[in-house]
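Asks: One file is attached below, structure_11.cif, containing mmCIF, C-alpha atoms.
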data_target
loop_
_atom_site.group_PDB
_atom_site.id
_atom_site.type_symbol
_atom_site.label_atom_id
_atom_site.label_comp_id
_atom_site.auth_asym_id
_atom_site.auth_seq_id
_atom_site.Cartn_x
_atom_site.Cartn_y
_atom_site.Cartn_z
ATOM 1 C CA MET A 1 0.000 0.000 0.000
ATOM 2 C CA ASN A 2 2.890 2.372 0.736
ATOM 3 C CA GLU A 3 4.211 1.789 -2.783
ATOM 4 C CA LEU A 4 0.899 2.861 -4.318
ATOM 5 C CA PHE A 5 0.850 6.255 -2.613
ATOM 6 C CA LEU A 6 4.589 6.798 -3.045
ATOM 7 C CA ALA A 7 4.149 6.046 -6.749
ATOM 8 C CA ARG A 8 1.329 8.607 -6.921
ATOM 9 C CA LEU A 9 3.570 11.201 -5.281
ATOM 10 C CA PHE A 10 6.313 10.430 -7.805
ATOM 11 C CA ALA A 11 4.011 10.315 -10.840
ATOM 12 C CA TYR A 12 1.930 13.397 -10.203
ATOM 13 C CA SER A 13 4.177 15.757 -8.203
ATOM 14 C CA ILE A 14 7.855 14.899 -8.762
ATOM 15 C CA LEU A 15 7.787 13.601 -12.335
ATOM 16 C CA PRO A 16 6.163 16.729 -13.854
ATOM 17 C CA LEU A 17 8.947 18.847 -12.336
ATOM 18 C CA LEU A 18 11.595 16.505 -13.738
ATOM 19 C CA LEU A 19 9.982 16.500 -17.175
ATOM 20 C CA ALA A 20 9.628 20.286 -17.203
ATOM 21 C CA THR A 21 13.292 20.657 -16.266
ATOM 22 C CA ALA A 22 14.351 18.267 -19.032
ATOM 23 C CA HIS A 23 12.117 20.107 -21.509
ATOM 24 C CA ILE A 24 13.801 23.414 -20.698
ATOM 25 C CA LEU A 25 17.317 21.989 -20.855
ATOM 26 C CA LEU A 26 16.776 20.189 -24.165
ATOM 27 C CA SER A 27 14.595 22.709 -26.023
ATOM 28 C CA LYS A 28 16.383 25.313 -28.131
ATOM 29 C CA GLU A 29 13.160 27.326 -28.319
ATOM 30 C CA THR A 30 12.662 27.676 -24.565
ATOM 31 C CA ARG A 31 15.113 30.385 -23.541
ATOM 32 C CA SER A 32 13.408 33.267 -21.757
ATOM 33 C CA VAL A 33 12.369 33.214 -18.095
ATOM 34 C CA ALA A 34 8.737 33.681 -19.133
ATOM 35 C CA GLN A 35 8.909 30.591 -21.343
ATOM 36 C CA ARG A 36 10.458 28.550 -18.556
ATOM 37 C CA ILE A 37 7.755 29.605 -16.113
ATOM 38 C CA GLU A 38 5.129 28.609 -18.667
ATOM 39 C CA ILE A 39 6.716 25.186 -19.168
ATOM 40 C CA PHE A 40 6.648 24.390 -15.445
ATOM 41 C CA THR A 41 3.084 25.697 -15.202
ATOM 42 C CA VAL A 42 1.670 23.629 -18.059
ATOM 43 C CA TYR A 43 3.376 20.419 -16.893
ATOM 44 C CA LEU A 44 1.878 20.911 -13.429
ATOM 45 C CA LEU A 45 -1.552 21.655 -14.875
ATOM 46 C CA ALA A 46 -1.459 18.695 -17.248
ATOM 47 C CA ILE A 47 -0.018 16.121 -14.845
ATOM 48 C CA SER A 48 -0.395 17.284 -11.223
ATOM 49 C CA VAL A 49 -3.923 18.585 -11.809
ATOM 50 C CA GLY A 50 -5.205 16.889 -14.971
ATOM 51 C CA ALA A 51 -3.817 13.355 -14.877
ATOM 52 C CA ASN A 52 -3.848 13.288 -11.078
ATOM 53 C CA GLY A 53 -7.500 14.324 -10.988
ATOM 54 C CA LEU A 54 -8.513 11.690 -13.506
ATOM 55 C CA GLY A 55 -6.492 9.041 -11.657
ATOM 56 C CA GLY A 56 -8.095 10.047 -8.360
ATOM 57 C CA ALA A 57 -11.531 9.865 -9.967
ATOM 58 C CA PHE A 58 -10.856 6.353 -11.232
ATOM 59 C CA GLY A 59 -9.699 5.250 -7.790
ATOM 60 C CA HIS A 60 -12.657 6.700 -5.888
ATOM 61 C CA LEU A 61 -15.220 5.513 -8.439
ATOM 62 C CA PHE A 62 -13.938 2.033 -9.313
ATOM 63 C CA LEU A 63 -11.460 1.076 -6.564
ATOM 64 C CA SER A 64 -13.255 2.755 -3.692
ATOM 65 C CA ASP A 65 -12.646 0.031 -1.094
ATOM 66 C CA LEU A 66 -8.929 -0.097 -1.879
ATOM 67 C CA VAL A 67 -8.655 3.686 -1.610
ATOM 68 C CA ALA A 68 -10.577 3.716 1.672
ATOM 69 C CA GLU A 69 -8.297 1.041 3.129
ATOM 70 C CA GLY A 70 -5.245 3.005 2.009
ATOM 71 C CA ILE A 71 -6.537 6.100 3.809
ATOM 72 C CA GLY A 72 -7.482 4.077 6.881
ATOM 73 C CA TRP A 73 -11.195 4.803 6.623
ATOM 74 C CA SER A 74 -14.251 2.560 6.514
ATOM 75 C CA THR A 75 -15.201 1.055 3.167
ATOM 76 C CA GLY A 76 -18.552 1.305 1.434
ATOM 77 C CA SER A 77 -19.225 5.023 1.909
ATOM 78 C CA PRO A 78 -21.175 6.641 -0.964
ATOM 79 C CA PHE A 79 -19.275 9.855 -0.271
ATOM 80 C CA GLN A 80 -16.389 8.333 -2.197
ATOM 81 C CA LEU A 81 -18.511 8.528 -5.329
ATOM 82 C CA GLU A 82 -18.967 12.248 -4.756
ATOM 83 C CA MET A 83 -15.217 12.622 -4.247
ATOM 84 C CA GLY A 84 -14.663 10.692 -7.444
ATOM 85 C CA PHE A 85 -16.755 13.119 -9.460
ATOM 86 C CA ALA A 86 -15.024 16.079 -7.767
ATOM 87 C CA ASN A 87 -11.664 14.660 -8.842
ATOM 88 C CA LEU A 88 -13.014 14.085 -12.341
ATOM 89 C CA LEU A 89 -14.056 17.730 -12.509
ATOM 90 C CA ILE A 90 -10.623 18.959 -11.401
ATOM 91 C CA GLY A 91 -8.861 16.612 -13.816
ATOM 92 C CA VAL A 92 -10.828 17.779 -16.846
ATOM 93 C CA LEU A 93 -10.371 21.429 -15.909
ATOM 94 C CA GLY A 94 -6.636 20.918 -15.410
ATOM 95 C CA LEU A 95 -6.202 19.533 -18.918
ATOM 96 C CA MET A 96 -8.320 22.329 -20.396
ATOM 97 C CA ALA A 97 -6.232 24.957 -18.570
ATOM 98 C CA VAL A 98 -3.039 23.888 -20.375
ATOM 99 C CA GLY A 99 -4.065 25.887 -23.431
ATOM 100 C CA ARG A 100 -5.398 28.917 -21.552
ATOM 101 C CA ARG A 101 -3.730 32.065 -20.242
ATOM 102 C CA ASP A 102 -6.712 33.908 -18.821
ATOM 103 C CA GLY A 103 -9.009 33.873 -15.829
ATOM 104 C CA PHE A 104 -9.947 30.269 -16.603
ATOM 105 C CA ARG A 105 -6.475 29.063 -15.642
ATOM 106 C CA THR A 106 -6.582 31.145 -12.463
ATOM 107 C CA ALA A 107 -9.954 29.645 -11.539
ATOM 108 C CA VAL A 108 -8.608 26.112 -12.024
ATOM 109 C CA ILE A 109 -5.650 26.843 -9.752
ATOM 110 C CA ILE A 110 -8.003 28.256 -7.107
ATOM 111 C CA ALA A 111 -10.233 25.164 -7.310
ATOM 112 C CA THR A 112 -7.220 22.840 -7.058
ATOM 113 C CA THR A 113 -5.922 24.759 -4.053
ATOM 114 C CA ILE A 114 -9.236 24.651 -2.196
ATOM 115 C CA LEU A 115 -9.634 20.922 -2.786
ATOM 116 C CA GLY A 116 -6.026 20.126 -1.883
ATOM 117 C CA VAL A 117 -5.892 22.265 1.261
ATOM 118 C CA GLY A 118 -9.352 21.118 2.358
ATOM 119 C CA ALA A 119 -8.442 17.452 1.942
ATOM 120 C CA THR A 120 -5.196 17.977 3.859
ATOM 121 C CA LEU A 121 -7.034 19.635 6.760
ATOM 122 C CA VAL A 122 -9.390 16.654 6.956
ATOM 123 C CA HIS A 123 -6.466 14.211 6.950
ATOM 124 C CA LEU A 124 -4.571 16.179 9.610
ATOM 125 C CA GLN A 125 -7.674 16.319 11.783
ATOM 126 C CA ASP A 126 -8.018 12.553 11.466
ATOM 127 C CA ILE A 127 -4.361 12.081 12.406
ATOM 128 C CA ALA A 128 -4.763 14.305 15.479
ATOM 129 C CA ALA A 129 -8.021 12.691 16.580
ATOM 130 C CA HIS A 130 -7.315 9.024 15.866
ATOM 131 C CA GLY A 131 -3.587 8.708 15.203
ATOM 132 C CA ASN A 132 -4.346 7.438 11.697
ATOM 133 C CA LEU A 133 -0.967 7.252 9.945
ATOM 134 C CA ALA A 134 -2.107 5.182 6.956
ATOM 135 C CA PRO A 135 -0.207 6.131 3.768
ATOM 136 C CA GLY A 136 -3.284 7.622 2.125
ATOM 137 C CA ASN A 137 -3.811 9.802 5.187
ATOM 138 C CA THR A 138 -0.214 11.079 5.306
ATOM 139 C CA ILE A 139 1.801 10.751 2.076
ATOM 140 C CA GLN A 140 -0.919 12.219 -0.109
ATOM 141 C CA ASN A 141 -0.835 15.481 1.855
ATOM 142 C CA ILE A 142 2.532 16.325 0.301
ATOM 143 C CA SER A 143 0.996 16.499 -3.178
ATOM 144 C CA ASN A 144 -2.141 18.192 -1.883
ATOM 145 C CA LEU A 145 -0.052 21.140 -0.679
ATOM 146 C CA LEU A 146 3.008 21.132 -2.949
ATOM 147 C CA ASP A 147 1.143 21.353 -6.256
ATOM 148 C CA PRO A 148 -1.034 24.370 -5.334
ATOM 149 C CA ILE A 149 1.944 26.182 -3.789
ATOM 150 C CA LEU A 150 3.966 25.773 -6.974
ATOM 151 C CA LEU A 151 1.079 26.776 -9.244
ATOM 152 C CA ILE A 152 0.221 29.853 -7.190
ATOM 153 C CA GLY A 153 3.864 30.916 -7.050
ATOM 154 C CA LEU A 154 4.437 30.456 -10.783
ATOM 155 C CA SER A 155 1.208 32.252 -11.693
ATOM 156 C CA TRP A 156 1.997 35.185 -9.411
ATOM 157 C CA TRP A 157 5.529 35.446 -10.802
ATOM 158 C CA SER A 158 4.414 35.364 -14.432
ATOM 159 C CA ALA A 159 1.607 37.894 -13.901
ATOM 160 C CA ARG A 160 3.828 40.276 -11.962
ATOM 161 C CA ARG A 161 6.915 40.221 -14.165
ATOM 162 C CA PHE A 162 6.201 38.784 -17.614
ATOM 163 C CA GLU A 163 2.553 39.427 -18.514
ATOM 164 C CA GLY A 164 3.568 41.749 -21.358
ATOM 165 C CA GLU A 165 5.735 39.126 -23.052
ATOM 166 C CA MET A 166 3.183 36.359 -22.579
ATOM 167 C CA VAL A 167 0.452 38.129 -24.548
ATOM 168 C CA THR A 168 2.578 38.657 -27.674
ATOM 169 C CA ALA A 169 1.853 36.712 -30.847
ATOM 170 C CA VAL A 170 5.351 35.207 -30.842
ATOM 171 C CA PHE A 171 4.918 33.840 -27.321
ATOM 172 C CA GLN A 172 1.474 32.446 -28.070
ATOM 173 C CA GLN A 173 2.722 30.663 -31.195
ATOM 174 C CA TRP A 174 5.555 29.165 -29.187
ATOM 175 C CA GLN A 175 3.076 28.174 -26.467
ATOM 176 C CA MET A 176 0.842 26.341 -28.939
ATOM 177 C CA ARG A 177 3.810 24.317 -30.207
ATOM 178 C CA GLN A 178 4.683 23.208 -26.660
ATOM 179 C CA GLN A 179 1.187 22.189 -25.534
ATOM 180 C CA PRO A 180 1.103 18.686 -27.070
ATOM 181 C CA ILE A 181 4.172 17.624 -25.090
ATOM 182 C CA PRO A 182 2.875 17.998 -21.499
ATOM 183 C CA GLY A 183 -0.595 16.944 -22.626
ATOM 184 C CA LEU A 184 0.596 13.628 -24.052
ATOM 185 C CA ALA A 185 3.037 13.202 -21.168
ATOM 186 C CA ALA A 186 0.021 13.382 -18.839
ATOM 187 C CA ALA A 187 -1.822 10.777 -20.925
ATOM 188 C CA GLY A 188 1.246 8.528 -20.935
ATOM 189 C CA ILE A 189 1.696 8.802 -17.177
ATOM 190 C CA GLY A 190 -1.960 7.997 -16.564
ATOM 191 C CA MET A 191 -1.864 4.931 -18.807
ATOM 192 C CA GLY A 192 1.508 3.815 -17.471
ATOM 193 C CA PHE A 193 0.323 4.136 -13.882
ATOM 194 C CA GLY A 194 -2.751 2.045 -14.654
ATOM 195 C CA ILE A 195 -0.742 -0.677 -16.379
ATOM 196 C CA GLY A 196 1.870 -0.603 -13.628
ATOM 197 C CA TYR A 197 -0.799 -1.071 -10.993
ATOM 198 C CA ALA A 198 -2.253 -4.027 -12.889
ATOM 199 C CA VAL A 199 1.084 -5.816 -13.350
ATOM 200 C CA GLY A 200 2.727 -4.769 -10.076
ATOM 201 C CA ALA A 201 5.435 -2.453 -11.435
ATOM 202 C CA LEU A 202 4.149 1.059 -10.767
ATOM 203 C CA PHE A 203 7.353 3.084 -11.023
ATOM 204 C CA VAL A 204 8.689 1.367 -14.146
ATOM 205 C CA TRP A 205 5.485 1.614 -16.158
ATOM 206 C CA THR A 206 4.736 5.160 -15.019
ATOM 207 C CA LEU A 207 8.158 6.320 -16.196
ATOM 208 C CA LEU A 208 7.840 4.358 -19.437
ATOM 209 C CA GLY A 209 4.416 5.882 -20.095
ATOM 210 C CA ALA A 210 5.831 9.370 -19.491
ATOM 211 C CA LEU A 211 8.651 8.803 -21.985
ATOM 212 C CA VAL A 212 6.283 7.475 -24.650
ATOM 213 C CA GLY A 213 3.927 10.409 -24.135
ATOM 214 C CA VAL A 214 6.749 12.946 -24.335
ATOM 215 C CA GLY A 215 8.044 11.276 -27.507
ATOM 216 C CA LEU A 216 4.654 11.506 -29.208
ATOM 217 C CA GLY A 217 4.253 15.103 -28.039
ATOM 218 C CA LEU A 218 7.662 16.064 -29.429
ATOM 219 C CA SER A 219 6.769 14.518 -32.777
ATOM 220 C CA ILE A 220 3.526 16.479 -33.016
ATOM 221 C CA SER A 221 5.222 19.684 -31.845
ATOM 222 C CA ARG A 222 7.949 19.388 -34.473
ATOM 223 C CA ARG A 223 5.431 18.776 -37.237
ATOM 224 C CA ALA A 224 3.449 21.807 -36.117
ATOM 225 C CA GLY A 225 6.630 23.897 -36.160
ATOM 226 C CA GLN A 226 7.558 22.694 -39.634
ATOM 227 C CA ALA A 227 4.055 23.403 -40.927
ATOM 228 C CA ALA A 228 4.154 26.916 -39.464
ATOM 229 C CA ALA A 229 7.570 27.540 -40.997
ATOM 230 C CA GLY A 230 6.356 26.309 -44.398
ATOM 231 C CA LEU A 231 3.291 28.552 -44.238
ATOM 232 C CA LEU A 232 5.501 31.534 -43.403
ATOM 233 C CA VAL A 233 7.703 30.837 -46.418
ATOM 234 C CA GLU A 234 4.666 30.612 -48.710
ATOM 235 C CA GLN A 235 3.326 33.922 -47.421
ATOM 236 C CA GLN A 236 6.628 35.597 -48.153
#
So that I can check it, write out the structure of this file as structure tokens.
Replies:
Amino acid sequence: MNELFLARLFAYSILPLLLATAHILLSKETRSVAQRIEIFTVYLLAISVGANGLGGAFGHLFLSDLVAEGIGWSTGSPFQLEMGFANLLIGVLGLMAVGRRDGFRTAVIIATTILGVGATLVHLQDIAAHGNLAPGNTIQNISNLLDPILLIGLSWWSARRFEGEMVTAVFQQWQMRQQPIPGLAAAGIGMGFGIGYAVGALFVWTLLGALVGVGLGLSISRRAGQAAAGLLVEQQ
């Protein structure tokens, strides 16, 4: 059971930061501070919010007893179904926010923060009242707090220092070329996590799924860049 929640922490909180760092180091297009902030933001939205929300929804809706046991709570509660749909909502919004740079993205970050902080308060209250140190009642709190803190910090930084650059046509074209990479990375991580859970190799399959997703995203991004370059040549 510890492995399951540690794997979730790795897949949905640590791995997006590692992938974003690798993206920045390997991409010749991603040079400015504003671009780097955007890369970290979209990986967190796609994976920590989007894929994590969808994975949480699947667990609460279809593996509810297993999730309850991992948290140290009683099984069979219909409230898990409500939590499943709440996670589904956050997951869908997180994926939609990848391509947005307006109030919609801000609203998604606020919703993620409220859910994450609220869940953590409930878990901490349970720990204080009953000494419940089950992995789902402790380990998961790291992600619940870390992801919103990072998203709020990155959003504040970008709005305060780089808003002018981020609304330019050049930045938006660059942004559109990057979006398939974190989006498909999120899909790969979700699929890899599911396969890894089924076969008993969570970390290996999650990492493999991430690499496959990034590879597909890079291919689509490069084709989009080549098509844009060809269109520019024709217009000239």
Asks: Evaluate the PyMOL selection byres ((chain A and resi 177) around 9) and record the selected residues as a PyMOL selection string, following the chain and residue labels used in the document.
Replies: chain A and resi 172-176+178-181+220-222+224-225
Asks: Would you place a box with edges along x, y and z of the file around all atoms of segment 186-190 of chain A listed there, add 3 Å to each of its six sides, and report the centre and edge lengths in Å to one decimal, as AutoDock Vina command-line options?
Replies:
--center_x -0.1 --center_y 10.7 --center_z -18.7 --size_x 9.7 --size_y 11.4 --size_z 10.4
Asks: Can you spell out as a list in words the set of residues that the PyMOL selection byres ((chain A and resi 19) around 9) selects in the structure I just provided?
Replies: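 Checking the PyMOL selection byres ((chain A and resi 19) around 9) against this file, the residues are Ile14, Leu15, Pro16, Leu17, Leu18, Ala20, Thr21, Ala22, His23, Ile24, Phe40, Tyr43, Pro182, Ala185, Ala210 and Val214 of chain A.
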Asks: Segment 97-109 of chain A: which residues within 8 Å, counting only C-alpha atoms, same-chain residues fewer than 2 positions away excluded, as a list of chain:residue names?
Replies: A:Val42, A:Leu45, A:Ala46, A:Ile90, A:Leu93, A:Gly94, A:Leu95, A:Ala111, A:Thr112, A:Thr113, A:Pro148, A:Leu151, A:Ile152, A:Ser155, A:Met176, A:Gln179, A:Gly183
Asks: For Leu145 of chain A, which of A:Ile195, A:Leu26, A:Ile114, A:Leu184 is the closest residue, counting all atoms listed in the file?
Replies: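 Closest to Leu145 of chain A, using all atoms listed in the file: A:Ile114.
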Asks: Between atom CA of Gly209 of chain A and atom CA of Leu66 of chain A, measure the distance and give it in Å to one decimal.
Replies: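 Computing the Euclidean distance for atom CA of Gly209 of chain A and atom CA of Leu66 of chain A yields 23.4 Å.
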Asks: Could you list, as a ChimeraX atom specification, every residue within 7 Å of Met83 of chain A, counting all atoms listed in the file and ignoring same-chain residues fewer than 4 positions away?
Replies: /A:60,79,87
Asks: Would you mind completing segment 6-37 of chain A so that it carries N, CA and C atoms, and writing it out as a PDB file, keeping the file's coordinate frame?
Replies:
ATOM      1  N   LEU A   6       3.287   6.238  -2.673  1.00  0.00           N
ATOM      2  CA  LEU A   6       4.589   6.798  -3.045  1.00  0.00           C
ATOM      3  C   LEU A   6       4.691   6.950  -4.557  1.00  0.00           C
ATOM      4  N   ALA A   7       4.147   5.971  -5.287  1.00  0.00           N
ATOM      5  CA  ALA A   7       4.149   6.046  -6.749  1.00  0.00           C
ATOM      6  C   ALA A   7       3.287   7.203  -7.230  1.00  0.00           C
ATOM      7  N   ARG A   8       2.169   7.463  -6.553  1.00  0.00           N
ATOM      8  CA  ARG A   8       1.329   8.607  -6.921  1.00  0.00           C
ATOM      9  C   ARG A   8       2.072   9.920  -6.687  1.00  0.00           C
ATOM     10  N   LEU A   9       2.778  10.003  -5.570  1.00  0.00           N
ATOM     11  CA  LEU A   9       3.570  11.201  -5.281  1.00  0.00           C
ATOM     12  C   LEU A   9       4.630  11.416  -6.363  1.00  0.00           C
ATOM     13  N   PHE A  10       5.292  10.340  -6.757  1.00  0.00           N
ATOM     14  CA  PHE A  10       6.313  10.430  -7.805  1.00  0.00           C
ATOM     15  C   PHE A  10       5.696  10.808  -9.137  1.00  0.00           C
ATOM     16  N   ALA A  11       4.605  10.133  -9.513  1.00  0.00           N
ATOM     17  CA  ALA A  11       4.011  10.315 -10.840  1.00  0.00           C
ATOM     18  C   ALA A  11       3.420  11.698 -11.025  1.00  0.00           C
ATOM     19  N   TYR A  12       2.739  12.207 -10.002  1.00  0.00           N
ATOM     20  CA  TYR A  12       1.930  13.397 -10.203  1.00  0.00           C
ATOM     21  C   TYR A  12       2.492  14.670  -9.548  1.00  0.00           C
ATOM     22  N   SER A  13       3.591  14.552  -8.797  1.00  0.00           N
ATOM     23  CA  SER A  13       4.177  15.757  -8.203  1.00  0.00           C
ATOM     24  C   SER A  13       5.665  15.917  -8.544  1.00  0.00           C
ATOM     25  N   ILE A  14       6.420  14.824  -8.492  1.00  0.00           N
ATOM     26  CA  ILE A  14       7.855  14.899  -8.762  1.00  0.00           C
ATOM     27  C   ILE A  14       8.147  14.787 -10.247  1.00  0.00           C
ATOM     28  N   LEU A  15       7.514  13.831 -10.917  1.00  0.00           N
ATOM     29  CA  LEU A  15       7.787  13.601 -12.335  1.00  0.00           C
ATOM     30  C   LEU A  15       7.485  14.814 -13.215  1.00  0.00           C
ATOM     31  N   PRO A  16       6.376  15.540 -13.005  1.00  0.00           N
ATOM     32  CA  PRO A  16       6.163  16.729 -13.854  1.00  0.00           C
ATOM     33  C   PRO A  16       7.263  17.770 -13.718  1.00  0.00           C
ATOM     34  N   LEU A  17       7.841  17.905 -12.523  1.00  0.00           N
ATOM     35  CA  LEU A  17       8.947  18.847 -12.336  1.00  0.00           C
ATOM     36  C   LEU A  17      10.199  18.369 -13.063  1.00  0.00           C
ATOM     37  N   LEU A  18      10.444  17.059 -13.027  1.00  0.00           N
ATOM     38  CA  LEU A  18      11.595  16.505 -13.738  1.00  0.00           C
ATOM     39  C   LEU A  18      11.430  16.651 -15.251  1.00  0.00           C
ATOM     40  N   LEU A  19      10.234  16.384 -15.740  1.00  0.00           N
ATOM     41  CA  LEU A  19       9.982  16.500 -17.175  1.00  0.00           C
ATOM     42  C   LEU A  19      10.073  17.947 -17.639  1.00  0.00           C
ATOM     43  N   ALA A  20       9.550  18.871 -16.846  1.00  0.00           N
ATOM     44  CA  ALA A  20       9.628  20.286 -17.203  1.00  0.00           C
ATOM     45  C   ALA A  20      11.079  20.756 -17.243  1.00  0.00           C
ATOM     46  N   THR A  21      11.873  20.304 -16.286  1.00  0.00           N
ATOM     47  CA  THR A  21      13.292  20.657 -16.266  1.00  0.00           C
ATOM     48  C   THR A  21      14.004  20.115 -17.499  1.00  0.00           C
ATOM     49  N   ALA A  22      13.733  18.859 -17.845  1.00  0.00           N
ATOM     50  CA  ALA A  22      14.351  18.267 -19.032  1.00  0.00           C
ATOM     51  C   ALA A  22      13.906  18.994 -20.299  1.00  0.00           C
ATOM     52  N   HIS A  23      12.649  19.365 -20.356  1.00  0.00           N
ATOM     53  CA  HIS A  23      12.117  20.107 -21.509  1.00  0.00           C
ATOM     54  C   HIS A  23      12.893  21.411 -21.700  1.00  0.00           C
ATOM     55  N   ILE A  24      13.094  22.132 -20.621  1.00  0.00           N
ATOM     56  CA  ILE A  24      13.801  23.414 -20.698  1.00  0.00           C
ATOM     57  C   ILE A  24      15.253  23.227 -21.117  1.00  0.00           C
ATOM     58  N   LEU A  25      15.910  22.213 -20.558  1.00  0.00           N
ATOM     59  CA  LEU A  25      17.317  21.989 -20.855  1.00  0.00           C
ATOM     60  C   LEU A  25      17.544  21.527 -22.292  1.00  0.00           C
ATOM     61  N   LEU A  26      16.586  20.791 -22.843  1.00  0.00           N
ATOM     62  CA  LEU A  26      16.776  20.189 -24.165  1.00  0.00           C
ATOM     63  C   LEU A  26      16.160  21.002 -25.303  1.00  0.00           C
ATOM     64  N   SER A  27      15.281  21.947 -24.978  1.00  0.00           N
ATOM     65  CA  SER A  27      14.595  22.709 -26.023  1.00  0.00           C
ATOM     66  C   SER A  27      15.383  23.964 -26.382  1.00  0.00           C
ATOM     67  N   LYS A  28      15.685  24.116 -27.661  1.00  0.00           N
ATOM     68  CA  LYS A  28      16.383  25.313 -28.131  1.00  0.00           C
ATOM     69  C   LYS A  28      15.439  26.516 -28.197  1.00  0.00           C
ATOM     70  N   GLU A  29      14.138  26.246 -28.231  1.00  0.00           N
ATOM     71  CA  GLU A  29      13.160  27.326 -28.319  1.00  0.00           C
ATOM     72  C   GLU A  29      12.864  27.980 -26.969  1.00  0.00           C
ATOM     73  N   THR A  30      13.059  27.210 -25.894  1.00  0.00           N
ATOM     74  CA  THR A  30      12.662  27.676 -24.565  1.00  0.00           C
ATOM     75  C   THR A  30      13.859  28.339 -23.896  1.00  0.00           C
ATOM     76  N   ARG A  31      13.938  29.664 -24.021  1.00  0.00           N
ATOM     77  CA  ARG A  31      15.113  30.385 -23.541  1.00  0.00           C
ATOM     78  C   ARG A  31      14.796  31.451 -22.500  1.00  0.00           C
ATOM     79  N   SER A  32      13.699  32.160 -22.672  1.00  0.00           N
ATOM     80  CA  SER A  32      13.408  33.267 -21.757  1.00  0.00           C
ATOM     81  C   SER A  32      12.846  32.743 -20.436  1.00  0.00           C
ATOM     82  N   VAL A  33      12.911  33.579 -19.406  1.00  0.00           N
ATOM     83  CA  VAL A  33      12.369  33.214 -18.095  1.00  0.00           C
ATOM     84  C   VAL A  33      10.865  32.989 -18.196  1.00  0.00           C
ATOM     85  N   ALA A  34      10.187  33.827 -18.969  1.00  0.00           N
ATOM     86  CA  ALA A  34       8.737  33.681 -19.133  1.00  0.00           C
ATOM     87  C   ALA A  34       8.386  32.329 -19.742  1.00  0.00           C
ATOM     88  N   GLN A  35       9.162  31.893 -20.724  1.00  0.00           N
ATOM     89  CA  GLN A  35       8.909  30.591 -21.343  1.00  0.00           C
ATOM     90  C   GLN A  35       9.144  29.460 -20.348  1.00  0.00           C
ATOM     91  N   ARG A  36      10.157  29.596 -19.536  1.00  0.00           N
ATOM     92  CA  ARG A  36      10.458  28.550 -18.556  1.00  0.00           C
ATOM     93  C   ARG A  36       9.365  28.462 -17.488  1.00  0.00           C
ATOM     94  N   ILE A  37       8.870  29.606 -17.064  1.00  0.00           N
ATOM     95  CA  ILE A  37       7.755  29.605 -16.113  1.00  0.00           C
ATOM     96  C   ILE A  37       6.544  28.913 -16.730  1.00  0.00           C
TER      97      ILE A  37
END
